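What follows is a set of notes on a single structure, which appears directly below.
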Amino acid sequence: MANEYLIKKWRLWFKCIDRKHTGQITKEDEKRTEEAFVNLAHLEGERKEEVLHTSQKLWDQFVFRGKTGPVTEDGFIQMINDDLKKDRKKFEENMRKACIDDLKIVSQSGNDYLTEEEFINAYKAVGFGNDDWNKKLFQAFDPVDGKVNNDKIVEVWFQFLVSEDSSKKDVALELLESYPDL
């Protein structure tokens, strides 16, 4: 069972996805996010289909967790916590894989880094439209020559999604808590 600190982060994760503040995440939210990303990244053809397919798999596995209808915040937390209780090692492996797969969607170059444009487009697609905040978030990942290494991104988000240790600095948590309308 997750401690209060981790559950707090999961509640914040839910709010990141529920950008319309309806108290539930729906398939329409998924479609809106996917369409926004495809448009922002100017995807077409095979790459567009690949991104949509991977995105749908991630949403089904890590947001809806096999459910077909809307997911409430409490339901979201319960499903994640059930997975953690069932097998923590497998849970952590799955969460790391989700972070990696998500970056495969976002990375248009196919390289092991994200450019500032790729990074910001991903957050805009989810509904984080505050450009100043998006740039602040990008800078928090210590870019080198305008690029952030994917491994660093994975580690930051992995820590946010699985770490119960509140004594460790959590970059994602700090920045999400600073977003104006979460």
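Residues in the structure tokens are named by chain (A, B, ... in the order shown) and by number from 1 within that chain; ligands are numbered from 1 in the order shown.
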* To do: Taking the chain letters and numbering used in this document, name the residues of chain A that DSSP puts in strand (DSSP E or B), as a list in words.
  =>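 Of chain A, only Gln24, Ile25, Val71, Thr72, Tyr113, Leu114, Thr115, Val144, Lys147, Val148 and Asn149 of chain A fall in strand (DSSP E or B).
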Written file, previous selection with C-alpha atoms, as a PDB file, in the first residue's frame:
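Okay, this is what ended up in part-v8.pdb:
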```
ATOM      1  CA  GLN A  24     -13.007  12.266 -14.057  1.00  0.00           C
ATOM      2  CA  ILE A  25     -10.849  11.172 -16.947  1.00  0.00           C
ATOM      3  CA  VAL A  71     -12.246   7.078 -14.167  1.00  0.00           C
ATOM      4  CA  THR A  72     -12.719   9.213 -11.063  1.00  0.00           C
ATOM      5  CA  TYR A 113      16.967  13.528 -26.058  1.00  0.00           C
ATOM      6  CA  LEU A 114      14.099  15.984 -26.365  1.00  0.00           C
ATOM      7  CA  THR A 115      14.401  19.445 -27.781  1.00  0.00           C
ATOM      8  CA  VAL A 144      22.511  21.005 -22.593  1.00  0.00           C
ATOM      9  CA  LYS A 147      18.233  19.363 -25.310  1.00  0.00           C
ATOM     10  CA  VAL A 148      17.328  17.173 -22.328  1.00  0.00           C
ATOM     11  CA  ASN A 149      18.519  13.591 -22.147  1.00  0.00           C
TER      12      ASN A 149
END
```
* Excluding same-chain residues fewer than 2 positions from stretch 10-19 of chain A, what lies within 8 Å of it counting only C-alpha atoms, as a ChimeraX atom specification? -> /A:6-8,21-25,29,73,76-77,126-127,161,176-177,182
* **Spatial neighbours of A:Asp170, max dist 8 Å, only C-alpha atoms, sep filter under 6 positions, as a VMD selection string** => chain A and resid 156 159 to 160
Write out the residues from the selection above, keeping N, CA, C and O atoms, as an mmCIF file, in the first residue's frame.
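Once written, again15.cif looks like this:
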```cif
data_model
loop_
_atom_site.group_PDB
_atom_site.id
_atom_site.type_symbol
_atom_site.label_atom_id
_atom_site.label_comp_id
_atom_site.auth_asym_id
_atom_site.auth_seq_id
_atom_site.Cartn_x
_atom_site.Cartn_y
_atom_site.Cartn_z
ATOM 1 N N VAL A 156 13.266 11.345 -13.507
ATOM 2 C CA VAL A 156 12.472 12.335 -12.770
ATOM 3 C C VAL A 156 11.023 11.879 -12.649
ATOM 4 O O VAL A 156 10.426 11.911 -11.574
ATOM 5 N N GLN A 159 10.618 8.689 -10.458
ATOM 6 C CA GLN A 159 10.646 9.034 -9.035
ATOM 7 C C GLN A 159 9.300 9.604 -8.601
ATOM 8 O O GLN A 159 8.777 9.249 -7.551
ATOM 9 N N PHE A 160 8.752 10.481 -9.415
ATOM 10 C CA PHE A 160 7.453 11.073 -9.088
ATOM 11 C C PHE A 160 6.372 9.992 -8.955
ATOM 12 O O PHE A 160 5.553 10.037 -8.045
#
```
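Of the residues under consideration (A:Ser167, A:Asn134, A:Asn121, A:Thr26), A:Asn121 shows the shortest atom-to-atom contact distance to A:Gln108 when counting only C-alpha atoms.
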* Among listed residues A:Asn3, A:Ser163, A:Asn39, A:Gln139, nearest A:Glu92 (using only C-alpha atoms) -> A:Ser163
* Would you mind telling me which residue in A:Asp151, A:Glu117, A:Asn130, A:Phe138 lies nearest to A:Asp181 when using only C-alpha atoms? =>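 The shortest atom-to-atom distance to A:Asp181 comes from A:Asn130.
Using only C-alpha atoms for every distance, the candidate list A:Val63, A:Leu84, A:Ile153, A:Ala36 yields A:Ala36 as the residue closest to A:Phe128.
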* Interatomic distance, atom CA of A:Phe64 to atom CA of A:Asn111 (Å, one decimal) ->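 It comes out at 29.1 Å.
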* **Backbone-only DSSP, helix (DSSP H, G or I) members of stretch 94-171 of chain A, as a PyMOL selection string** => chain A and resi 94-106+116-126+131-140+150-162+171
* Best match for closeness to A:Thr68 among A:Glu93, A:Asp87, A:Asp82, A:Glu28, counting only C-alpha atoms ->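 For A:Thr68, the nearest of the given residues is A:Glu28.
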